[in-house]
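Here is model.json, consisting of JSON, C-alpha atoms and all ligand atoms:
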[["chain", "number", "residue", "atom", "x", "y", "z"],
["A", 1, "MET", "CA", 107.02, -55.91, 2.53],
["A", 2, "LEU", "CA", 107.87, -58.25, -0.35],
["A", 3, "ARG", "CA", 111.43, -59.59, -0.56],
["A", 4, "LEU", "CA", 112.85, -61.70, -3.36],
["A", 5, "LYS", "CA", 116.09, -63.43, -2.46],
["A", 6, "LYS", "CA", 118.24, -65.03, -5.13],
["A", 7, "LEU", "CA", 115.11, -65.93, -7.08],
["A", 8, "LEU", "CA", 116.00, -68.16, -9.99],
["A", 9, "LYS", "CA", 113.90, -69.84, -12.65],
["A", 10, "THR", "CA", 115.14, -72.23, -15.29],
["A", 11, "TYR", "CA", 112.39, -73.75, -17.42],
["A", 12, "LYS", "CA", 112.52, -77.44, -18.42],
["A", 13, "THR", "CA", 113.55, -76.28, -21.88],
["A", 14, "GLY", "CA", 116.76, -74.90, -20.33],
["A", 15, "ASP", "CA", 115.65, -71.23, -20.68],
["A", 16, "GLN", "CA", 117.11, -69.28, -17.76],
["A", 17, "ALA", "CA", 114.26, -66.81, -17.31],
["A", 18, "LEU", "CA", 115.41, -65.38, -13.95],
["A", 19, "LYS", "CA", 119.02, -65.30, -12.82],
["A", 20, "SER", "CA", 119.17, -64.79, -9.06],
["A", 21, "ILE", "CA", 116.91, -61.78, -8.55],
["A", 22, "ASP", "CA", 117.22, -59.80, -5.29],
["A", 23, "LEU", "CA", 114.51, -57.19, -4.80],
["A", 24, "GLU", "CA", 112.68, -55.52, -1.90],
["A", 25, "ILE", "CA", 109.34, -53.76, -2.28],
["A", 26, "PRO", "CA", 108.12, -51.85, 0.79],
["A", 27, "ASP", "CA", 104.44, -51.73, 1.75],
["A", 28, "GLY", "CA", 102.51, -49.29, -0.40],
["A", 29, "GLN", "CA", 105.10, -48.99, -3.17],
["A", 30, "VAL", "CA", 104.01, -49.29, -6.79],
["A", 31, "LEU", "CA", 106.78, -50.56, -9.01],
["A", 32, "ALA", "CA", 106.83, -50.85, -12.79],
["A", 33, "LEU", "CA", 108.72, -53.77, -14.29],
["A", 34, "ILE", "CA", 110.00, -53.03, -17.78],
["A", 35, "GLY", "CA", 112.29, -54.78, -20.23],
["A", 36, "PRO", "CA", 112.34, -56.30, -23.69],
["A", 37, "SER", "CA", 110.31, -59.32, -24.72],
["A", 38, "GLY", "CA", 111.66, -62.46, -23.06],
["A", 39, "ALA", "CA", 113.48, -60.55, -20.28],
["A", 40, "GLY", "CA", 111.62, -62.52, -17.59],
["A", 41, "LYS", "CA", 108.95, -60.04, -16.46],
["A", 42, "SER", "CA", 105.97, -62.42, -16.56],
["A", 43, "THR", "CA", 108.06, -65.20, -15.07],
["A", 44, "MET", "CA", 109.02, -62.97, -12.13],
["A", 45, "ILE", "CA", 105.42, -61.98, -11.43],
["A", 46, "ARG", "CA", 104.26, -65.59, -11.67],
["A", 47, "CYS", "CA", 107.07, -66.92, -9.48],
["A", 48, "ILE", "CA", 105.92, -64.60, -6.68],
["A", 49, "ASN", "CA", 102.53, -66.30, -6.33],
["A", 50, "ARG", "CA", 103.93, -69.61, -7.60],
["A", 51, "LEU", "CA", 101.78, -69.84, -10.70],
["A", 52, "VAL", "CA", 105.26, -70.67, -11.99],
["A", 53, "GLU", "CA", 107.35, -72.71, -9.54],
["A", 54, "PRO", "CA", 110.73, -71.01, -8.88],
["A", 55, "THR", "CA", 113.76, -73.26, -9.39],
["A", 56, "SER", "CA", 115.45, -71.83, -6.28],
["A", 57, "GLY", "CA", 115.51, -68.76, -4.08],
["A", 58, "GLU", "CA", 113.02, -67.26, -1.63],
["A", 59, "VAL", "CA", 109.93, -65.07, -1.87],
["A", 60, "TRP", "CA", 109.10, -63.43, 1.45],
["A", 61, "LEU", "CA", 105.73, -61.72, 1.94],
["A", 62, "ASP", "CA", 106.11, -60.16, 5.38],
["A", 63, "ASP", "CA", 107.20, -63.07, 7.62],
["A", 64, "THR", "CA", 106.34, -65.93, 5.27],
["A", 65, "ASP", "CA", 108.61, -67.55, 2.70],
["A", 66, "LEU", "CA", 106.04, -68.45, 0.04],
["A", 67, "THR", "CA", 108.39, -70.94, -1.63],
["A", 68, "LYS", "CA", 108.24, -73.18, 1.47],
["A", 69, "LEU", "CA", 104.45, -73.43, 1.71],
["A", 70, "SER", "CA", 102.46, -76.61, 1.12],
["A", 71, "SER", "CA", 99.70, -76.38, -1.48],
["A", 72, "GLY", "CA", 97.05, -75.81, 1.23],
["A", 73, "GLU", "CA", 99.10, -73.08, 2.86],
["A", 74, "LEU", "CA", 99.78, -71.52, -0.54],
["A", 75, "ARG", "CA", 96.06, -71.34, -1.27],
["A", 76, "GLN", "CA", 95.63, -69.29, 1.92],
["A", 77, "ALA", "CA", 98.64, -67.10, 1.16],
["A", 78, "ARG", "CA", 97.39, -66.36, -2.35],
["A", 79, "ARG", "CA", 94.46, -64.47, -0.85],
["A", 80, "GLN", "CA", 96.99, -61.77, 0.00],
["A", 81, "MET", "CA", 98.08, -61.37, -3.61],
["A", 82, "GLY", "CA", 95.60, -60.00, -6.13],
["A", 83, "MET", "CA", 96.38, -60.59, -9.77],
["A", 84, "ILE", "CA", 95.35, -58.48, -12.77],
["A", 85, "PHE", "CA", 95.88, -59.94, -16.24],
["A", 86, "GLN", "CA", 96.35, -58.57, -19.74],
["A", 87, "GLU", "CA", 93.42, -60.55, -21.13],
["A", 88, "TYR", "CA", 91.23, -59.81, -18.07],
["A", 89, "ALA", "CA", 90.45, -63.53, -17.50],
["A", 90, "LEU", "CA", 86.76, -62.84, -16.89],
["A", 91, "VAL", "CA", 84.09, -65.51, -17.14],
["A", 92, "GLU", "CA", 82.27, -64.23, -20.21],
["A", 93, "ARG", "CA", 78.81, -65.66, -19.50],
["A", 94, "LEU", "CA", 78.73, -64.38, -15.91],
["A", 95, "THR", "CA", 77.67, -60.89, -14.90],
["A", 96, "VAL", "CA", 80.02, -58.12, -13.89],
["A", 97, "MET", "CA", 78.91, -58.60, -10.25],
["A", 98, "GLU", "CA", 79.51, -62.37, -10.37],
["A", 99, "ASN", "CA", 82.95, -61.83, -11.86],
["A", 100, "VAL", "CA", 83.87, -59.38, -9.11],
["A", 101, "LEU", "CA", 82.56, -61.71, -6.41],
["A", 102, "SER", "CA", 84.61, -64.58, -7.82],
["A", 103, "GLY", "CA", 87.57, -62.74, -6.24],
["A", 104, "ARG", "CA", 86.19, -63.98, -2.90],
["A", 105, "LEU", "CA", 86.47, -67.65, -3.90],
["A", 106, "GLY", "CA", 89.58, -68.05, -1.76],
["A", 107, "TYR", "CA", 87.50, -67.07, 1.29],
["A", 108, "VAL", "CA", 84.04, -68.59, 0.90],
["A", 109, "GLY", "CA", 83.50, -72.36, 1.03],
["A", 110, "PHE", "CA", 83.11, -74.47, -2.10],
["A", 111, "TRP", "CA", 79.33, -74.99, -1.84],
["A", 112, "ARG", "CA", 78.67, -71.37, -1.09],
["A", 113, "SER", "CA", 80.59, -70.28, -4.16],
["A", 114, "PHE", "CA", 79.10, -73.10, -6.25],
["A", 115, "LEU", "CA", 75.60, -71.90, -5.33],
["A", 116, "ARG", "CA", 76.79, -68.30, -5.72],
["A", 117, "LYS", "CA", 75.63, -67.44, -2.20],
["A", 118, "TYR", "CA", 78.14, -64.85, -1.17],
["A", 119, "PRO", "CA", 77.86, -63.10, 2.22],
["A", 120, "GLN", "CA", 76.03, -59.77, 2.06],
["A", 121, "LYS", "CA", 79.17, -57.88, 3.16],
["A", 122, "ASP", "CA", 80.98, -59.22, 0.06],
["A", 123, "VAL", "CA", 78.10, -58.10, -2.16],
["A", 124, "ASP", "CA", 78.13, -54.65, -0.53],
["A", 125, "GLU", "CA", 81.88, -54.38, -1.03],
["A", 126, "ALA", "CA", 81.53, -55.43, -4.69],
["A", 127, "TYR", "CA", 79.00, -52.60, -5.22],
["A", 128, "ARG", "CA", 81.36, -50.14, -3.51],
["A", 129, "LEU", "CA", 84.25, -51.19, -5.73],
["A", 130, "LEU", "CA", 82.18, -51.06, -8.92],
["A", 131, "ASP", "CA", 81.04, -47.58, -7.93],
["A", 132, "ARG", "CA", 84.66, -46.53, -7.34],
["A", 133, "VAL", "CA", 85.74, -47.64, -10.82],
["A", 134, "GLY", "CA", 82.68, -46.11, -12.51],
["A", 135, "LEU", "CA", 80.87, -49.37, -13.33],
["A", 136, "LEU", "CA", 77.98, -49.42, -10.86],
["A", 137, "ALA", "CA", 75.40, -49.20, -13.65],
["A", 138, "MET", "CA", 76.98, -52.23, -15.35],
["A", 139, "ALA", "CA", 76.73, -54.63, -12.37],
["A", 140, "ASP", "CA", 74.13, -56.88, -14.03],
["A", 141, "LYS", "CA", 75.60, -56.85, -17.54],
["A", 142, "ARG", "CA", 77.33, -59.94, -18.87],
["A", 143, "ALA", "CA", 81.10, -59.65, -19.07],
["A", 144, "ASP", "CA", 81.05, -60.26, -22.83],
["A", 145, "GLU", "CA", 79.03, -57.05, -23.32],
["A", 146, "LEU", "CA", 81.84, -54.82, -22.01],
["A", 147, "SER", "CA", 84.59, -52.83, -23.73],
["A", 148, "GLY", "CA", 88.25, -53.65, -23.04],
["A", 149, "GLY", "CA", 88.65, -50.80, -20.57],
["A", 150, "GLN", "CA", 85.49, -51.81, -18.73],
["A", 151, "ARG", "CA", 86.66, -55.41, -18.57],
["A", 152, "GLN", "CA", 89.92, -54.36, -17.04],
["A", 153, "ARG", "CA", 88.03, -52.32, -14.42],
["A", 154, "VAL", "CA", 86.12, -55.49, -13.52],
["A", 155, "GLY", "CA", 89.46, -57.33, -13.30],
["A", 156, "ILE", "CA", 90.73, -54.63, -10.94],
["A", 157, "CYS", "CA", 87.62, -54.94, -8.72],
["A", 158, "ARG", "CA", 87.97, -58.73, -8.66],
["A", 159, "ALA", "CA", 91.56, -58.41, -7.47],
["A", 160, "LEU", "CA", 90.72, -55.77, -4.85],
["A", 161, "ILE", "CA", 87.76, -57.61, -3.33],
["A", 162, "GLN", "CA", 90.30, -60.21, -2.18],
["A", 163, "ASP", "CA", 91.58, -57.46, 0.14],
["A", 164, "PRO", "CA", 95.17, -58.24, -0.87],
["A", 165, "LYS", "CA", 98.43, -56.85, 0.53],
["A", 166, "LEU", "CA", 100.04, -56.93, -2.87],
["A", 167, "LEU", "CA", 98.86, -56.57, -6.45],
["A", 168, "LEU", "CA", 100.61, -58.51, -9.21],
["A", 169, "VAL", "CA", 99.72, -56.88, -12.49],
["A", 170, "ASP", "CA", 100.72, -58.51, -15.78],
["A", 171, "GLU", "CA", 100.57, -56.15, -18.79],
["A", 172, "PRO", "CA", 97.26, -54.54, -17.78],
["A", 173, "THR", "CA", 97.12, -52.24, -20.80],
["A", 174, "ALA", "CA", 98.53, -54.42, -23.58],
["A", 175, "SER", "CA", 95.11, -54.93, -25.20],
["A", 176, "LEU", "CA", 93.94, -51.33, -24.78],
["A", 177, "ASP", "CA", 94.21, -48.12, -26.83],
["A", 178, "PRO", "CA", 96.62, -45.42, -25.52],
["A", 179, "LYS", "CA", 94.01, -43.26, -23.84],
["A", 180, "THR", "CA", 92.25, -46.15, -22.10],
["A", 181, "SER", "CA", 95.68, -47.46, -21.10],
["A", 182, "ARG", "CA", 96.43, -44.22, -19.29],
["A", 183, "GLN", "CA", 93.06, -44.29, -17.54],
["A", 184, "ILE", "CA", 93.62, -47.86, -16.36],
["A", 185, "MET", "CA", 97.19, -47.16, -15.16],
["A", 186, "ARG", "CA", 96.00, -44.06, -13.31],
["A", 187, "LEU", "CA", 93.15, -46.02, -11.71],
["A", 188, "ILE", "CA", 95.44, -48.84, -10.54],
["A", 189, "CYS", "CA", 97.94, -46.37, -9.06],
["A", 190, "GLU", "CA", 95.21, -44.28, -7.38],
["A", 191, "LEU", "CA", 93.62, -47.37, -5.83],
["A", 192, "CYS", "CA", 97.01, -48.55, -4.55],
["A", 193, "ALA", "CA", 97.59, -45.13, -2.96],
["A", 194, "GLU", "CA", 94.10, -45.10, -1.40],
["A", 195, "ARG", "CA", 94.61, -48.55, 0.12],
["A", 196, "GLY", "CA", 98.33, -48.41, 0.88],
["A", 197, "LEU", "CA", 98.76, -51.38, -1.46],
["A", 198, "ALA", "CA", 102.05, -52.45, -2.98],
["A", 199, "ALA", "CA", 102.03, -53.44, -6.65],
["A", 200, "ILE", "CA", 104.34, -54.81, -9.30],
["A", 201, "ILE", "CA", 103.15, -53.83, -12.75],
["A", 202, "ASN", "CA", 104.69, -55.60, -15.73],
["A", 203, "ILE", "CA", 104.33, -53.02, -18.48],
["A", 204, "HIS", "CA", 105.69, -52.77, -22.01],
["A", 205, "ASP", "CA", 105.03, -49.08, -22.41],
["A", 206, "VAL", "CA", 107.95, -47.21, -20.84],
["A", 207, "ALA", "CA", 106.28, -43.79, -21.09],
["A", 208, "LEU", "CA", 103.19, -45.01, -19.26],
["A", 209, "ALA", "CA", 105.36, -46.45, -16.51],
["A", 210, "GLN", "CA", 107.21, -43.15, -16.19],
["A", 211, "MET", "CA", 103.96, -41.19, -15.91],
["A", 212, "PHE", "CA", 102.49, -43.05, -12.98],
["A", 213, "VAL", "CA", 104.98, -44.87, -10.75],
["A", 214, "SER", "CA", 107.78, -43.77, -8.44],
["A", 215, "ARG", "CA", 110.09, -46.75, -9.04],
["A", 216, "VAL", "CA", 111.03, -48.58, -12.20],
["A", 217, "VAL", "CA", 112.93, -51.87, -12.40],
["A", 218, "GLY", "CA", 114.38, -52.83, -15.78],
["A", 219, "LEU", "CA", 115.01, -56.51, -16.52],
["A", 220, "ARG", "CA", 117.29, -57.78, -19.26],
["A", 221, "PHE", "CA", 118.09, -61.47, -19.87],
["A", 222, "GLY", "CA", 116.59, -62.39, -16.49],
["A", 223, "ALA", "CA", 118.69, -59.95, -14.43],
["A", 224, "ILE", "CA", 118.03, -56.49, -12.98],
["A", 225, "GLU", "CA", 119.71, -53.96, -15.25],
["A", 226, "PHE", "CA", 118.16, -50.83, -13.69],
["A", 227, "ASP", "CA", 116.42, -49.94, -10.42],
["A", 228, "GLY", "CA", 115.56, -46.28, -9.91],
["A", 229, "THR", "CA", 113.16, -43.42, -10.42],
["A", 230, "PRO", "CA", 111.41, -42.61, -13.72],
["A", 231, "GLN", "CA", 113.61, -39.49, -13.98],
["A", 232, "GLU", "CA", 116.76, -41.64, -13.87],
["A", 233, "LEU", "CA", 115.53, -43.62, -16.84],
["A", 234, "THR", "CA", 117.57, -41.71, -19.40],
["A", 235, "PRO", "CA", 117.95, -42.65, -23.09],
["A", 236, "ASP", "CA", 121.33, -44.25, -22.27],
["A", 237, "VAL", "CA", 119.81, -46.37, -19.52],
["A", 238, "LEU", "CA", 116.95, -47.39, -21.82],
["A", 239, "THR", "CA", 119.47, -48.47, -24.43],
["A", 240, "THR", "CA", 121.25, -50.69, -21.89],
["A", 241, "ILE", "CA", 117.91, -52.29, -20.95],
["A", 242, "TYR", "CA", 116.50, -52.67, -24.46],
["A", 243, "GLY", "CA", 119.64, -52.81, -26.56],
["A", 244, "GLU", "CA", 119.24, -50.91, -29.79],
["A", 245, "GLU", "CA", 115.48, -51.55, -29.89],
["A", 246, "ASP", "CA", 113.48, -48.47, -30.89],
["A", 247, "TRP", "CA", 112.05, -47.60, -27.48],
["A", 248, "GLU", "CA", 111.79, -43.89, -28.39],
["A", 249, "ALA", "CA", 108.74, -44.56, -30.58],
["A", 250, "THR", "CA", 106.57, -45.47, -27.56],
["A", 251, "ILE", "CA", 107.51, -42.28, -25.75],
["A", 252, "GLU", "CA", 106.63, -40.02, -28.68],
["A", 253, "LYS", "CA", 103.34, -41.80, -29.23],
["A", 254, "VAL", "CA", 102.14, -41.03, -25.69],
["A", 255, "GLU", "CA", 103.31, -37.41, -25.67],
["A", 256, "ASP", "CA", 101.40, -36.73, -28.89],
["A", 257, "GLU", "CA", 98.13, -37.88, -27.37],
["A", 258, "ASP", "CA", 95.73, -35.28, -26.02],
["A", 259, "GLU", "CA", 95.25, -35.32, -22.27],
["A", 260, "ASP", "CA", 91.47, -35.40, -22.18],
["A", 261, "GLU", "CA", 90.85, -38.14, -19.62],
["A", 262, "GLY", "CA", 87.20, -39.22, -19.66],
["A", 263, "ALA", "CA", 86.08, -41.82, -17.10],
["A", 264, "ALA", "CA", 84.04, -44.41, -18.93],
["A", 265, "ALA", "CA", 86.54, -46.14, -21.23],
["A", 301, "LIG", "N1", 106.51, -72.06, -20.07],
["A", 301, "LIG", "C1", 107.73, -71.80, -20.53],
["A", 301, "LIG", "N2", 108.55, -72.81, -20.92],
["A", 301, "LIG", "C2", 109.78, -72.57, -21.37],
["A", 301, "LIG", "N3", 110.34, -71.34, -21.48],
["A", 301, "LIG", "C3", 109.57, -70.31, -21.11],
["A", 301, "LIG", "C4", 108.23, -70.48, -20.63],
["A", 301, "LIG", "N4", 107.73, -69.25, -20.34],
["A", 301, "LIG", "C5", 108.70, -68.36, -20.63],
["A", 301, "LIG", "N5", 109.80, -68.99, -21.09],
["A", 301, "LIG", "C6", 111.07, -68.36, -21.50],
["A", 301, "LIG", "O1", 111.56, -67.63, -20.38],
["A", 301, "LIG", "C7", 112.09, -66.37, -20.81],
["A", 301, "LIG", "C8", 111.35, -65.23, -20.12],
["A", 301, "LIG", "O2", 110.00, -65.22, -20.55],
["A", 301, "LIG", "P1", 108.91, -64.24, -19.94],
["A", 301, "LIG", "O3", 107.61, -64.56, -20.59],
["A", 301, "LIG", "O4", 108.99, -64.26, -18.47],
["A", 301, "LIG", "O5", 109.46, -62.83, -20.47],
["A", 301, "LIG", "P2", 108.72, -61.42, -20.55],
["A", 301, "LIG", "O6", 109.74, -60.41, -20.19],
["A", 301, "LIG", "O7", 107.47, -61.45, -19.75],
["A", 301, "LIG", "O8", 108.37, -61.33, -22.09],
["A", 301, "LIG", "P3", 107.14, -60.61, -22.83],
["A", 301, "LIG", "O9", 107.30, -59.16, -22.57],
["A", 301, "LIG", "O10", 107.33, -60.98, -24.27],
["A", 301, "LIG", "O11", 105.88, -61.20, -22.24],
["A", 301, "LIG", "C9", 111.97, -66.35, -22.32],
["A", 301, "LIG", "O12", 113.21, -66.80, -22.86],
["A", 301, "LIG", "C10", 110.87, -67.36, -22.62],
["A", 301, "LIG", "O13", 111.05, -67.95, -23.86]]
Starting from the coordinates I provided, produce the structure as structure tokens.
Amino acid sequence: MLRLKKLLKTYKTGDQALKSIDLEIPDGQVLALIGPSGAGKSTMIRCINRLVEPTSGEVWLDDTDLTKLSSGELRQARRQMGMIFQEYALVERLTVMENVLSGRLGYVGFWRSFLRKYPQKDVDEAYRLLDRVGLLAMADKRADELSGGQRQRVGICRALIQDPKLLLVDEPTASLDPKTSRQIMRLICELCAERGLAAIINIHDVALAQMFVSRVVGLRFGAIEFDGTPQELTPDVLTTIYGEEDWEATIEKVEDEDEDEGAAA
């Protein structure tokens, strides 16, 4: 269970990115975080694993308040939180396998990782994960030889090999075409269901969020404006979250797409 209590972030510039957020996410729940640009979505995700230091408030992962941890303790706690990024954050000159195994860096010692001597069970698990996401044949390719969708699959494997309790996912589809975006969202949600993993997915595309998750939280000006099911996300609610922004365009775009979902994007 993840619990945010009165989580607040004011940047040095004076920007109040989060205004006292209270939120509970039970084990196994996948939640989409939506809202207009600047609403505080990335800040919220990054405050949870303290890539951004919260100004005040608490972040409880099970029985631990992450905001109270020393840097050593935080390093340990971060193992429990896998992160998936928009720009994949792969090491381009390393192979797919090496990129996946880098997700174990929080577990193996410095010299072992420096010499790239990972335990055999980690290597076996990396192969299993690559097989699950349809990339087994690509294990020895360099990351810079992959398509965007393939890169994101590697990013997903790297996060999962950490064996996390929680996935923090920051705009996973922002660099992808609509069809690949759907495949990646489906994959993330299926993997969470298979593993009983909770996830927070920061996603711009409202229609994609509605297709795949059971709970949507809408942020506006750093506060929660909506918390409910995709079905409750009516045009009126969307207008309160986004203002008069033209959110309808994204919905039409996805509905017009054909539903042929190949695997190897
Ligand atoms: N490093 C920073 N320093 C100062 N202000 C920042 C910083 N990062 C974000 N902000 C401000 O905090 C607010 C929230 O930004 P954040 O990036 O969390 O929003 P977002 O909802 O993720 O936006 P987007 O969808 O455009 O990525 C914005 O007003 C932004 O300008």
Shell of 10 Å around ligand LIG 301 (chain A) (all atoms listed in the file), written as a PDB file with C-alpha atoms, keeping the file's coordinate frame:
ATOM      1  CA  LYS A   9     113.900 -69.840 -12.650  1.00  0.00           C
ATOM      2  CA  THR A  10     115.140 -72.230 -15.290  1.00  0.00           C
ATOM      3  CA  TYR A  11     112.390 -73.750 -17.420  1.00  0.00           C
ATOM      4  CA  LYS A  12     112.520 -77.440 -18.420  1.00  0.00           C
ATOM      5  CA  THR A  13     113.550 -76.280 -21.880  1.00  0.00           C
ATOM      6  CA  GLY A  14     116.760 -74.900 -20.330  1.00  0.00           C
ATOM      7  CA  ASP A  15     115.650 -71.230 -20.680  1.00  0.00           C
ATOM      8  CA  GLN A  16     117.110 -69.280 -17.760  1.00  0.00           C
ATOM      9  CA  ALA A  17     114.260 -66.810 -17.310  1.00  0.00           C
ATOM     10  CA  LEU A  18     115.410 -65.380 -13.950  1.00  0.00           C
ATOM     11  CA  LEU A  33     108.720 -53.770 -14.290  1.00  0.00           C
ATOM     12  CA  ILE A  34     110.000 -53.030 -17.780  1.00  0.00           C
ATOM     13  CA  GLY A  35     112.290 -54.780 -20.230  1.00  0.00           C
ATOM     14  CA  PRO A  36     112.340 -56.300 -23.690  1.00  0.00           C
ATOM     15  CA  SER A  37     110.310 -59.320 -24.720  1.00  0.00           C
ATOM     16  CA  GLY A  38     111.660 -62.460 -23.060  1.00  0.00           C
ATOM     17  CA  ALA A  39     113.480 -60.550 -20.280  1.00  0.00           C
ATOM     18  CA  GLY A  40     111.620 -62.520 -17.590  1.00  0.00           C
ATOM     19  CA  LYS A  41     108.950 -60.040 -16.460  1.00  0.00           C
ATOM     20  CA  SER A  42     105.970 -62.420 -16.560  1.00  0.00           C
ATOM     21  CA  THR A  43     108.060 -65.200 -15.070  1.00  0.00           C
ATOM     22  CA  MET A  44     109.020 -62.970 -12.130  1.00  0.00           C
ATOM     23  CA  ILE A  45     105.420 -61.980 -11.430  1.00  0.00           C
ATOM     24  CA  ARG A  46     104.260 -65.590 -11.670  1.00  0.00           C
ATOM     25  CA  CYS A  47     107.070 -66.920  -9.480  1.00  0.00           C
ATOM     26  CA  VAL A  52     105.260 -70.670 -11.990  1.00  0.00           C
ATOM     27  CA  ASP A 170     100.720 -58.510 -15.780  1.00  0.00           C
ATOM     28  CA  GLU A 171     100.570 -56.150 -18.790  1.00  0.00           C
ATOM     29  CA  ASN A 202     104.690 -55.600 -15.730  1.00  0.00           C
ATOM     30  CA  ILE A 203     104.330 -53.020 -18.480  1.00  0.00           C
ATOM     31  CA  HIS A 204     105.690 -52.770 -22.010  1.00  0.00           C
ATOM     32  CA  GLY A 218     114.380 -52.830 -15.780  1.00  0.00           C
ATOM     33  CA  LEU A 219     115.010 -56.510 -16.520  1.00  0.00           C
ATOM     34  CA  ARG A 220     117.290 -57.780 -19.260  1.00  0.00           C
ATOM     35  CA  PHE A 221     118.090 -61.470 -19.870  1.00  0.00           C
ATOM     36  CA  GLY A 222     116.590 -62.390 -16.490  1.00  0.00           C
TER      37      GLY A 222
END
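Using all atoms listed in the file, the smallest distance between any of A:Ala89, A:Leu105, A:Val169, A:Val100 and Gly148 (chain A) comes from A:Ala89.
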Please write as a PyMOL selection string the list of polymer residues whose atoms come within 9 Å of (97.8, -46.4, -17.6), counting only C-alpha atoms and keeping to the coordinates of the file. chain A and resi 172-173+178-189+208-209+211-212
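If you count all atoms listed in the file and ignore residues fewer than 3 places along the chain from region 74-83 of chain A, what sits within 8 Å of it is Asn49, Leu66, Leu69, Ser70, Ser71, Gly106, Tyr107, Ala159, Leu160, Gln162, Asp163, Pro164, Lys165, Leu166, Leu167, Leu168, Val169 and Asp170 of chain A.
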For the residues in that selection, give me C-alpha atoms as an mmCIF file, in the frame of the given file.
data_model
loop_
_atom_site.group_PDB
_atom_site.id
_atom_site.type_symbol
_atom_site.label_atom_id
_atom_site.label_comp_id
_atom_site.auth_asym_id
_atom_site.auth_seq_id
_atom_site.Cartn_x
_atom_site.Cartn_y
_atom_site.Cartn_z
ATOM 1 C CA ASN A 49 102.530 -66.300 -6.330
ATOM 2 C CA LEU A 66 106.040 -68.450 0.040
ATOM 3 C CA LEU A 69 104.450 -73.430 1.710
ATOM 4 C CA SER A 70 102.460 -76.610 1.120
ATOM 5 C CA SER A 71 99.700 -76.380 -1.480
ATOM 6 C CA GLY A 106 89.580 -68.050 -1.760
ATOM 7 C CA TYR A 107 87.500 -67.070 1.290
ATOM 8 C CA ALA A 159 91.560 -58.410 -7.470
ATOM 9 C CA LEU A 160 90.720 -55.770 -4.850
ATOM 10 C CA GLN A 162 90.300 -60.210 -2.180
ATOM 11 C CA ASP A 163 91.580 -57.460 0.140
ATOM 12 C CA PRO A 164 95.170 -58.240 -0.870
ATOM 13 C CA LYS A 165 98.430 -56.850 0.530
ATOM 14 C CA LEU A 166 100.040 -56.930 -2.870
ATOM 15 C CA LEU A 167 98.860 -56.570 -6.450
ATOM 16 C CA LEU A 168 100.610 -58.510 -9.210
ATOM 17 C CA VAL A 169 99.720 -56.880 -12.490
ATOM 18 C CA ASP A 170 100.720 -58.510 -15.780
#
Using only C-alpha atoms: which of A:Glu145, A:Ile21, A:Arg153, A:Thr229 has the shortest distance to Thr95 (chain A): A:Glu145
Neighbour list for Arg158 (chain A) as an MDAnalysis selection string, cut-off 7 Å, only C-alpha atoms, skip fewer than 2 positions in-chain: chainID A and resid 99:103 154:156 160:161
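Between CA of Gly196 (chain A) and CA of Ala139 (chain A) the separation is 26.1 Å.
Minimum distance to Leu135 (chain A) across A:Gly149, A:Gly28, A:Gly57, A:Pro119 (counting all atoms listed in the file) occurs at A:Gly149.
Interatomic distance, CA of Leu197 (chain A) against CA of Gln29 (chain A): 7.0 Å.
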Return the padded bounding box of region 23-37 of chain A as lines of an AutoDock Vina configuration file: axis-aligned, built from all atoms listed in the file, 4 Å added on each side, with centre and edge lengths in Å to one decimal.
center_x = 108.5
center_y = -54.2
center_z = -11.5
size_x = 20.0
size_y = 18.3
size_z = 34.5
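Considering all atoms listed in the file, the residue among A:Cys157, A:Ala223, A:Ile48, A:Val216 positioned nearest to Asp122 (chain A) is A:Cys157.
You can rank A:Val30, A:Ala126, A:Ile25, A:Leu90 by their closest distance to Ala193 (chain A) using only C-alpha atoms, and at the top of that list sits A:Val30.
Going from CA of Ala199 (chain A) to CA of Leu51 (chain A) covers 16.9 Å.
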